[in-house]
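Undergrad: Pasting my_file_13.cif below, which is mmCIF, C-alpha atoms and all ligand atoms.
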```cif
data_final
#
loop_
_atom_site.label_atom_id
_atom_site.label_comp_id
_atom_site.auth_asym_id
_atom_site.auth_seq_id
_atom_site.Cartn_x
_atom_site.Cartn_y
_atom_site.Cartn_z
CA MET I 1 -12.10 13.84 -17.17
CA SER I 2 -9.08 13.21 -19.37
CA GLY I 3 -5.46 14.40 -19.57
CA ASN I 4 -2.79 14.48 -16.90
CA CYS I 5 -4.42 15.66 -13.67
CA TYR I 6 -1.04 15.77 -11.89
CA GLU I 7 0.73 18.17 -14.27
CA LYS I 8 2.18 21.05 -12.18
CA LYS I 9 0.19 19.91 -9.13
CA HIS I 10 1.76 19.49 -5.71
CA VAL I 11 1.49 16.05 -4.11
CA LEU I 12 2.33 14.91 -0.58
CA ILE I 13 3.21 11.22 -0.10
CA THR I 14 3.42 10.00 3.49
CA GLY I 15 5.65 6.96 3.88
CA GLY I 16 7.04 7.97 0.51
CA ALA I 17 10.53 6.58 1.09
CA GLY I 18 9.19 3.03 1.23
CA PHE I 19 8.27 0.51 -1.43
CA LEU I 20 4.91 1.73 -2.75
CA GLY I 21 5.50 5.37 -1.80
CA SER I 22 8.80 5.73 -3.67
CA ASN I 23 7.47 3.98 -6.79
CA LEU I 24 4.53 6.40 -6.63
CA ALA I 25 6.93 9.34 -6.23
CA HIS I 26 8.77 8.34 -9.42
CA ALA I 27 5.48 7.91 -11.31
CA LEU I 28 4.20 11.32 -10.19
CA ARG I 29 7.43 13.09 -11.09
CA ALA I 30 7.16 11.47 -14.52
CA GLN I 31 3.74 13.19 -14.76
CA ASN I 32 5.41 16.50 -13.89
CA ALA I 33 3.92 16.80 -10.40
CA THR I 34 5.90 18.43 -7.61
CA VAL I 35 6.34 15.71 -5.00
CA THR I 36 6.94 16.11 -1.28
CA VAL I 37 7.66 12.98 0.74
CA VAL I 38 7.38 12.73 4.52
CA ASP I 39 8.91 9.64 6.07
CA ASN I 40 10.33 8.79 9.49
CA PHE I 41 12.75 6.10 8.19
CA HIS I 42 11.83 3.81 11.08
CA PRO I 43 14.41 0.99 10.91
CA ASP I 44 11.77 -1.79 10.90
CA TYR I 45 10.18 -0.59 7.66
CA GLY I 46 11.12 0.03 4.07
CA GLY I 47 12.21 3.69 4.03
CA ASN I 48 15.38 3.87 1.92
CA GLU I 49 17.04 6.91 0.36
CA PHE I 50 18.34 4.70 -2.45
CA ASN I 51 14.71 4.58 -3.61
CA PHE I 52 15.11 8.23 -4.62
CA THR I 53 17.96 7.61 -7.04
CA GLY I 54 17.28 10.01 -9.90
CA LEU I 55 14.94 12.16 -7.77
CA MET I 56 17.04 13.33 -4.82
CA GLY I 57 18.32 16.84 -5.34
CA SER I 58 16.22 17.41 -8.46
CA THR I 59 13.71 20.22 -8.89
CA GLY I 60 10.17 19.19 -8.04
CA PHE I 61 11.17 16.72 -5.35
CA ASN I 62 11.37 17.39 -1.61
CA LEU I 63 12.10 14.99 1.23
CA GLU I 64 11.00 15.80 4.78
CA LYS I 65 12.20 13.46 7.52
CA GLY I 66 9.49 13.24 10.15
CA ASN I 67 6.68 11.29 11.74
CA VAL I 68 3.09 11.53 10.52
CA THR I 69 1.97 11.65 14.14
CA ASN I 70 3.60 15.10 14.26
CA GLN I 71 0.44 17.09 13.63
CA LYS I 72 2.18 20.44 13.22
CA LEU I 73 4.52 19.05 10.57
CA VAL I 74 1.83 17.32 8.51
CA CYS I 75 -0.42 20.40 8.73
CA GLU I 76 2.39 22.55 7.33
CA LEU I 77 3.06 20.07 4.53
CA ALA I 78 -0.60 19.51 3.58
CA ALA I 79 -1.30 23.25 3.51
CA GLU I 80 0.37 23.53 0.12
CA VAL I 81 -0.74 20.42 -1.75
CA ASP I 82 -3.48 19.30 -4.13
CA PHE I 83 -3.26 15.58 -3.33
CA VAL I 84 -2.27 13.60 -0.24
CA PHE I 85 -1.39 9.93 -0.69
CA HIS I 86 -1.26 8.48 2.81
CA LEU I 87 0.97 5.40 2.88
CA ALA I 88 2.98 5.78 6.10
CA ALA I 89 2.18 2.80 8.29
CA GLN I 90 3.31 0.06 10.57
CA CYS I 91 3.14 -2.69 7.92
CA SER I 92 3.77 -6.00 9.68
CA HIS I 93 0.93 -8.30 10.75
CA VAL I 94 3.23 -10.08 13.22
CA ASP I 95 4.57 -6.86 14.75
CA SER I 96 1.05 -5.53 15.14
CA MET I 97 0.48 -8.39 17.59
CA SER I 98 3.78 -8.08 19.46
CA ASN I 99 3.65 -4.25 19.54
CA PRO I 100 -0.02 -3.29 19.19
CA LEU I 101 0.42 0.19 20.66
CA LEU I 102 2.97 1.15 18.02
CA ASP I 103 0.53 -0.06 15.37
CA LEU I 104 -2.20 2.03 16.99
CA ASP I 105 0.07 5.06 17.09
CA PHE I 106 1.23 4.94 13.47
CA ASN I 107 -1.84 3.47 11.78
CA CYS I 108 -4.62 5.22 13.71
CA ARG I 109 -3.16 8.33 15.35
CA GLY I 110 -0.94 8.95 12.32
CA THR I 111 -3.93 8.66 9.98
CA LEU I 112 -6.02 11.03 12.08
CA ALA I 113 -3.17 13.55 12.11
CA VAL I 114 -2.98 13.36 8.31
CA LEU I 115 -6.76 13.64 7.91
CA GLU I 116 -6.81 16.66 10.22
CA ALA I 117 -4.08 18.23 8.09
CA VAL I 118 -6.14 17.56 4.96
CA ARG I 119 -9.28 18.99 6.57
CA LEU I 120 -7.47 22.17 7.62
CA SER I 121 -5.62 22.65 4.33
CA PRO I 122 -6.80 25.72 2.39
CA ARG I 123 -6.07 23.77 -0.84
CA LYS I 124 -8.72 21.12 0.01
CA PRO I 125 -6.57 18.26 -1.28
CA VAL I 126 -7.82 14.90 -2.49
CA TYR I 127 -6.92 12.19 0.02
CA VAL I 128 -5.99 8.66 -1.11
CA TYR I 129 -5.46 5.99 1.52
CA ALA I 130 -3.32 2.85 1.18
CA GLY I 131 -5.75 0.35 2.65
CA THR I 132 -5.25 -3.37 2.57
CA ARG I 133 -6.82 -6.77 2.06
CA ALA I 134 -6.09 -7.27 5.80
CA ILE I 135 -9.25 -5.22 6.41
CA ILE I 136 -11.21 -8.18 5.03
CA GLY I 137 -8.91 -10.54 6.94
CA ALA I 138 -10.22 -14.14 6.82
CA PRO I 139 -12.70 -13.58 3.98
CA LEU I 140 -16.31 -14.54 4.62
CA GLN I 141 -16.81 -14.64 0.84
CA LEU I 142 -14.52 -15.32 -2.13
CA PRO I 143 -13.61 -13.50 -4.21
CA ALA I 144 -13.89 -10.69 -1.64
CA THR I 145 -15.76 -7.60 -2.84
CA GLU I 146 -15.73 -4.15 -1.24
CA SER I 147 -19.01 -5.13 0.45
CA THR I 148 -17.71 -8.37 1.98
CA LEU I 149 -18.03 -8.08 5.74
CA PRO I 150 -14.62 -7.19 7.21
CA ASN I 151 -13.21 -9.94 9.39
CA PRO I 152 -9.69 -8.77 10.34
CA VAL I 153 -7.60 -11.34 12.18
CA ASP I 154 -4.83 -9.14 13.54
CA ILE I 155 -4.34 -5.68 15.04
CA TYR I 156 -2.89 -4.38 11.77
CA GLY I 157 -6.14 -5.30 9.96
CA VAL I 158 -8.33 -3.80 12.70
CA ASN I 159 -6.40 -0.53 12.77
CA LYS I 160 -6.26 -0.24 8.97
CA LEU I 161 -10.05 -0.75 8.96
CA ALA I 162 -10.43 1.97 11.59
CA ALA I 163 -8.18 4.23 9.50
CA GLU I 164 -10.36 3.61 6.44
CA HIS I 165 -13.45 4.50 8.48
CA TYR I 166 -11.78 7.71 9.70
CA GLY I 167 -11.64 8.66 6.02
CA SER I 168 -15.32 7.88 5.58
CA VAL I 169 -16.19 10.14 8.54
CA TYR I 170 -14.07 13.00 7.17
CA ALA I 171 -15.79 12.62 3.81
CA ARG I 172 -19.26 12.63 5.37
CA VAL I 173 -18.74 15.42 7.89
CA TYR I 174 -16.08 17.66 6.32
CA ARG I 175 -16.58 16.85 2.60
CA VAL I 176 -12.95 15.72 2.24
CA PRO I 177 -12.72 13.68 -1.00
CA VAL I 178 -11.47 10.28 0.14
CA VAL I 179 -10.51 7.20 -1.87
CA SER I 180 -9.36 4.09 -0.04
CA LEU I 181 -7.64 1.28 -1.92
CA ARG I 182 -7.75 -2.23 -0.47
CA ILE I 183 -4.50 -3.53 -1.87
CA THR I 184 -3.54 -7.21 -1.96
CA ASN I 185 0.03 -8.51 -1.57
CA CYS I 186 2.42 -6.49 -3.73
CA PHE I 187 5.91 -7.32 -4.90
CA GLY I 188 8.56 -5.68 -7.05
CA PRO I 189 11.49 -3.24 -7.02
CA ARG I 190 12.26 -0.85 -4.11
CA HIS I 191 10.90 -3.12 -1.33
CA GLN I 192 12.96 -3.75 1.80
CA MET I 193 14.71 -7.16 1.63
CA LYS I 194 16.00 -7.32 5.21
CA SER I 195 12.97 -8.90 6.88
CA GLY I 196 10.27 -11.47 6.15
CA LYS I 197 7.83 -9.78 8.51
CA TYR I 198 5.94 -8.39 5.53
CA GLY I 199 6.27 -8.47 1.74
CA ILE I 200 6.75 -12.22 1.61
CA LEU I 201 7.39 -12.59 -2.14
CA ASN I 202 10.17 -10.03 -2.00
CA TRP I 203 11.54 -11.80 1.05
CA PHE I 204 11.64 -15.07 -0.88
CA VAL I 205 13.44 -13.34 -3.76
CA SER I 206 15.94 -11.98 -1.21
CA LEU I 207 16.58 -15.47 0.23
CA ALA I 208 16.81 -17.06 -3.22
CA LEU I 209 19.34 -14.51 -4.46
CA GLN I 210 21.46 -15.09 -1.35
CA GLY I 211 21.37 -18.86 -1.96
CA LYS I 212 19.41 -19.42 1.24
CA PRO I 213 16.57 -21.96 1.53
CA ILE I 214 12.99 -20.68 1.31
CA LYS I 215 10.79 -21.83 4.17
CA VAL I 216 7.12 -22.43 3.47
CA PHE I 217 4.89 -22.84 6.51
CA GLY I 218 2.55 -25.86 6.41
CA THR I 219 1.44 -27.18 3.02
CA GLY I 220 1.43 -23.69 1.46
CA GLU I 221 -1.73 -24.57 -0.44
CA GLN I 222 -3.55 -21.38 0.57
CA LEU I 223 -4.49 -19.17 -2.37
CA ARG I 224 -3.10 -15.65 -2.53
CA ASP I 225 -3.69 -12.70 -4.83
CA TYR I 226 -0.37 -11.11 -5.85
CA LEU I 227 0.06 -7.77 -7.54
CA PHE I 228 3.10 -6.31 -9.27
CA VAL I 229 4.03 -2.88 -7.98
CA ASP I 230 3.61 -1.03 -11.31
CA ASP I 231 -0.03 -2.12 -11.40
CA ALA I 232 -0.57 -0.91 -7.82
CA ILE I 233 0.96 2.47 -8.70
CA GLU I 234 -1.35 2.82 -11.71
CA ALA I 235 -4.27 2.23 -9.34
CA PHE I 236 -3.02 4.99 -7.00
CA LEU I 237 -2.79 7.42 -9.90
CA LYS I 238 -6.30 6.58 -11.03
CA ALA I 239 -7.56 6.85 -7.45
CA GLY I 240 -6.24 10.41 -7.20
CA ARG I 241 -8.02 11.30 -10.42
CA PHE I 242 -11.20 9.67 -9.09
CA GLY I 243 -10.83 11.78 -5.94
CA LEU I 244 -10.91 14.92 -8.08
CA GLN I 245 -14.19 13.74 -9.55
CA LEU I 246 -15.55 13.07 -6.05
CA LYS I 247 -14.51 16.59 -5.11
CA GLY I 248 -16.59 17.95 -7.96
CA GLN I 249 -19.30 15.42 -6.98
CA GLU I 250 -19.57 14.41 -10.62
CA VAL I 251 -19.67 10.73 -9.82
CA THR I 252 -20.90 8.21 -7.37
CA CYS I 253 -19.83 4.61 -7.43
CA PRO I 254 -21.44 1.55 -5.89
CA LYS I 255 -19.20 1.61 -2.86
CA ALA I 256 -19.59 5.36 -2.32
CA GLN I 257 -23.15 4.52 -1.34
CA LEU I 258 -21.89 2.92 1.84
CA ALA I 259 -21.26 6.36 3.26
CA GLY I 260 -24.35 7.81 1.62
CA THR I 261 -24.49 8.58 -2.09
CA LYS I 262 -23.69 12.26 -1.62
CA ASN I 263 -20.53 11.67 0.35
CA PRO I 264 -17.21 12.01 -1.48
CA PHE I 265 -15.96 8.62 -0.30
CA ALA I 266 -15.06 5.49 -2.22
CA VAL I 267 -13.38 2.16 -1.55
CA PHE I 268 -11.82 0.05 -4.29
CA ASN I 269 -10.23 -3.37 -4.27
CA VAL I 270 -6.81 -3.42 -5.90
CA GLY I 271 -5.67 -6.94 -6.68
CA SER I 272 -4.96 -9.27 -9.57
CA GLY I 273 -8.23 -11.15 -9.10
CA LYS I 274 -6.30 -14.43 -9.39
CA GLY I 275 -5.82 -16.93 -6.59
CA ILE I 276 -2.49 -18.73 -6.81
CA PRO I 277 -1.31 -21.43 -4.36
CA PHE I 278 1.34 -19.83 -2.19
CA VAL I 279 3.66 -22.83 -2.48
CA SER I 280 3.66 -22.68 -6.29
CA ILE I 281 4.96 -19.10 -6.24
CA ALA I 282 7.61 -20.01 -3.69
CA GLN I 283 8.61 -22.90 -5.98
CA LYS I 284 8.84 -20.57 -8.97
CA ILE I 285 11.09 -18.14 -7.07
CA ALA I 286 13.32 -20.93 -5.79
CA GLU I 287 13.71 -22.37 -9.30
CA LYS I 288 14.64 -19.00 -10.80
CA ALA I 289 17.63 -18.70 -8.49
CA GLY I 290 18.49 -22.40 -8.09
CA SER I 291 17.48 -22.23 -4.43
CA LYS I 292 15.65 -24.84 -2.33
CA LEU I 293 12.18 -25.00 -0.75
CA GLU I 294 11.74 -26.30 2.79
CA GLN I 295 8.31 -27.07 4.20
CA VAL I 296 8.22 -26.44 7.95
CA ALA I 297 5.51 -26.33 10.63
CA TRP I 298 3.67 -23.06 11.14
CA PRO I 299 5.15 -20.95 13.93
CA ALA I 300 2.37 -20.24 16.45
CA ASP I 301 2.55 -16.44 16.03
CA ARG I 302 1.96 -16.76 12.27
CA GLU I 303 -0.62 -19.55 12.30
CA SER I 304 -2.86 -17.71 14.75
CA ILE I 305 -3.24 -14.77 12.33
CA GLU I 306 -3.34 -16.69 9.04
CA THR I 307 -6.33 -15.68 6.90
CA GLY I 308 -6.66 -18.72 4.61
CA ASP I 309 -7.42 -18.23 0.92
CA PHE I 310 -7.74 -14.70 -0.42
CA ILE I 311 -8.85 -13.48 -3.85
CA SER I 312 -9.91 -9.93 -4.59
CA ASP I 313 -12.90 -9.10 -6.80
CA GLY I 314 -12.09 -6.26 -9.19
CA THR I 315 -15.53 -5.58 -10.69
CA THR I 316 -16.15 -2.29 -8.84
CA THR I 317 -12.61 -1.06 -9.49
CA GLN I 318 -12.85 -1.80 -13.18
CA ALA I 319 -16.14 0.12 -13.36
CA GLY I 320 -15.13 3.02 -11.10
CA LEU I 321 -11.43 3.54 -11.81
CA GLY I 322 -11.12 1.84 -15.19
CA TRP I 323 -8.28 -0.17 -13.66
CA CYS I 324 -7.32 -3.81 -13.65
CA ALA I 325 -3.97 -5.51 -13.20
CA SER I 326 -2.06 -6.04 -16.42
CA THR I 327 1.30 -7.56 -15.40
CA SER I 328 1.50 -11.35 -15.24
CA LEU I 329 3.16 -13.01 -12.26
CA ASP I 330 6.01 -14.20 -14.49
CA GLN I 331 6.61 -10.74 -15.98
CA GLY I 332 6.54 -9.21 -12.49
CA LEU I 333 8.97 -11.76 -11.09
CA GLU I 334 11.28 -11.26 -14.05
CA LYS I 335 11.42 -7.49 -13.40
CA THR I 336 11.83 -8.03 -9.66
CA PHE I 337 14.75 -10.44 -10.10
CA ALA I 338 16.39 -8.14 -12.64
CA PHE I 339 16.24 -5.19 -10.20
CA TYR I 340 17.59 -7.08 -7.19
CA ARG I 341 20.28 -8.93 -9.12
CA GLU I 342 21.72 -5.45 -9.51
CA HIS I 343 20.72 -3.72 -6.26
CA LEU I 344 20.06 -6.33 -3.53
CA LYS I 345 22.82 -5.02 -1.23
CA LYS I 346 21.11 -1.62 -1.00
CA TYR I 347 18.02 -3.28 0.50
CA LEU I 348 19.48 -5.75 3.05
N1 LIG I 401 3.14 -3.66 0.01
C1 LIG I 401 1.99 -4.27 0.11
O1 LIG I 401 1.83 -5.42 -0.31
C2 LIG I 401 0.81 -3.54 0.73
C3 LIG I 401 -0.45 -4.15 0.65
C4 LIG I 401 -1.52 -3.49 1.21
C5 LIG I 401 -1.36 -2.26 1.81
N2 LIG I 401 -0.13 -1.71 1.89
C6 LIG I 401 0.00 -0.41 2.54
O2 LIG I 401 0.79 0.42 1.72
C7 LIG I 401 1.52 1.32 2.53
C8 LIG I 401 2.98 1.28 2.15
O3 LIG I 401 3.50 -0.01 2.40
P1 LIG I 401 4.87 -0.50 1.76
O4 LIG I 401 4.68 -1.89 1.35
O5 LIG I 401 5.36 0.51 0.81
O6 LIG I 401 5.80 -0.53 3.06
P2 LIG I 401 7.20 0.18 3.36
O7 LIG I 401 7.65 -0.27 4.70
O8 LIG I 401 8.13 -0.03 2.23
O9 LIG I 401 6.79 1.71 3.40
C9 LIG I 401 6.20 2.29 4.54
C10 LIG I 401 6.93 3.60 4.78
O10 LIG I 401 6.25 4.31 5.81
C11 LIG I 401 7.24 4.89 6.64
N3 LIG I 401 6.63 5.10 7.95
C12 LIG I 401 6.18 4.15 8.81
N4 LIG I 401 5.64 4.75 9.88
C13 LIG I 401 5.76 6.09 9.70
C14 LIG I 401 5.40 7.22 10.47
N5 LIG I 401 4.80 7.07 11.66
N6 LIG I 401 5.68 8.45 9.98
C15 LIG I 401 6.30 8.60 8.76
N7 LIG I 401 6.67 7.57 8.01
C16 LIG I 401 6.40 6.31 8.46
C17 LIG I 401 8.38 3.89 6.66
O11 LIG I 401 9.60 4.49 7.05
C18 LIG I 401 8.37 3.40 5.24
O12 LIG I 401 9.22 4.18 4.42
C19 LIG I 401 1.22 0.96 3.96
O13 LIG I 401 0.19 1.81 4.42
C20 LIG I 401 0.71 -0.46 3.87
O14 LIG I 401 -0.19 -0.75 4.92
C21 LIG I 401 0.96 -2.32 1.36
#
```
Written as structure tokens, that's how I'd like the structure from this file.
TA:
Amino acid sequence: MSGNCYEKKHVLITGGAGFLGSNLAHALRAQNATVTVVDNFHPDYGGNEFNFTGLMGSTGFNLEKGNVTNQKLVCELAAEVDFVFHLAAQCSHVDSMSNPLLDLDFNCRGTLAVLEAVRLSPRKPVYVYAGTRAIIGAPLQLPATESTLPNPVDIYGVNKLAAEHYGSVYARVYRVPVVSLRITNCFGPRHQMKSGKYGILNWFVSLALQGKPIKVFGTGEQLRDYLFVDDAIEAFLKAGRFGLQLKGQEVTCPKAQLAGTKNPFAVFNVGSGKGIPFVSIAQKIAEKAGSKLEQVAWPADRESIETGDFISDGTTTQAGLGWCASTSLDQGLEKTFAFYREHLKKYL
């Protein structure tokens, strides 16, 4: 399958006012898709109308303010679309522990509401889910493949795993084409910069640009797999295309076999495949802005849900989606700093 599969198609992005969702909205409009975003602009997350600069008010872009747990609303929206990218979520590991019922509501009930809307849609849309490395949690194998046994260490990870499995059930029982991406830690433009509860690299950039010290918990020697947002968006676009192929049942991929080879379900890791010591990235960010690093003891609420080293294996994704990360950490940081040097105030 070649060519632009989004040309003149209608796409729904849940959580589309946030970091990944809004970057995806821009990329899809550039492919001439009609984009509808549904977002509840919950103050704890990254929903920001500034992210739609250049899109708001233009033809082919619609914004609907609402909650994905509102079944009637999402059913109405999904009735008219060819693709659903489901990104709306409670995103903070720490908050998932302090407010587990909110996490359950948004990440599980919200996902079921969206999947029901997809199932009932006469257009039979492709469904792409924004999964996470948190599903694997503290990895029992490194690099972690799609077959590594999930070992989530917080409620966020458990509920995102449940949400991924909901997709697998809808694929098996209702033949909904489902692609779940297990994304590592992303950074880049259009991320909220007001809180360090998630999106830690962006948070460090925020502190550095404000001349505030950057606090690293413990030694910071744990390895992390960081991904620049443009690479993540490319993976989403390829996942939607892969979903179309699943719909036509033209392909199976190794991971699709988990749900049975005939089921239109696939899971792909989306990461850089490189493990970098956390402290070295923090150092790099501090140096770029002439800021300082402080090493402090782990707060108990963070240490108890720390996963240790994480590196994502991209073999299946390369084979199935033809995707691998192409932006270096330095290039990504350069673009991130350039964006926030100009726009930081809009994100605080
Ligand atoms: N950014 C990353 O590093 C990363 C990594 C792995 C997975 N993910 C997943 O990607 C998705 C997007 O994350 P992000 O980093 O863009 O975060 P974000 O906070 O910038 O975006 C999330 C958006 O979802 C909206 N939202 C939250 N709950 C909602 C609800 N109940 N109804 C409607 N809208 C709701 C928020 O208002 C926000 O605009 C999430 O599902 C997250 O779990 C992100």
Undergrad: If you take every atom of ligand LIG 401 (chain I) that the file lists and fit an axis-aligned box around them with 4 Å extra on each side, what centre and edge lengths come out in Å to one decimal, as AutoDock Vina command-line options?
TA:
```
--center_x 4.0 --center_y 1.6 --center_z 5.7 --size_x 19.1 --size_y 22.0 --size_z 20.0
```
Undergrad: What does the structure give for the distance between CA of Ser168 (chain I) and CA of Asp230 (chain I), in Å to one decimal?
TA: 26.9 Å
Undergrad: Distance limit 8 Å, reference ligand LIG 401 (chain I), atoms considered: only C-alpha atoms and all ligand atoms. Which residues make the cut? Give them as a PyMOL selection string.
TA: chain I and resi 14-22+38-48+65-69+86-91+105-107+110+129-134+160+182-187+190-192+198-199+227
Undergrad: Check the smallest atom-to-atom distance from each of I:Glu294, I:Glu146, I:Glu287, I:Glu234 to Val216 (chain I) using only C-alpha atoms, then report the winner.
TA: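 Between I:Glu294, I:Glu146, I:Glu287, I:Glu234, the residue approaching Val216 (chain I) most closely is I:Glu294.
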Undergrad: Calculate how many Å separate CA of Phe242 (chain I) from CA of His26 (chain I), rounding to one decimal.
TA: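 So the answer is 20.0 Å.
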Undergrad: Lys197 (chain I): which residues within 9 Å, counting all atoms listed in the file, same-chain residues fewer than 6 positions away excluded, as number ranges by chain?
TA: I: 91-95, 203
Undergrad: Counting only C-alpha atoms, figure out which residue out of I:Leu201, I:Leu237, I:Ile136, I:Leu104 gets nearest to Gln31 (chain I).
TA: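 For Gln31 (chain I), the nearest of the candidates is I:Leu237.
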Undergrad: What is the CA of Lys215 (chain I)-CA of Pro299 (chain I) distance in Å, reported with one decimal?
TA: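 Between CA of Lys215 (chain I) and CA of Pro299 (chain I) the gap works out to 11.3 Å.
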Undergrad: Measuring between only C-alpha atoms, which one of I:Leu12, I:Lys72, I:Gly196, I:Val35 shows the shortest distance to Ser58 (chain I)?
TA: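 So, comparing all the options, the nearest one is I:Val35.
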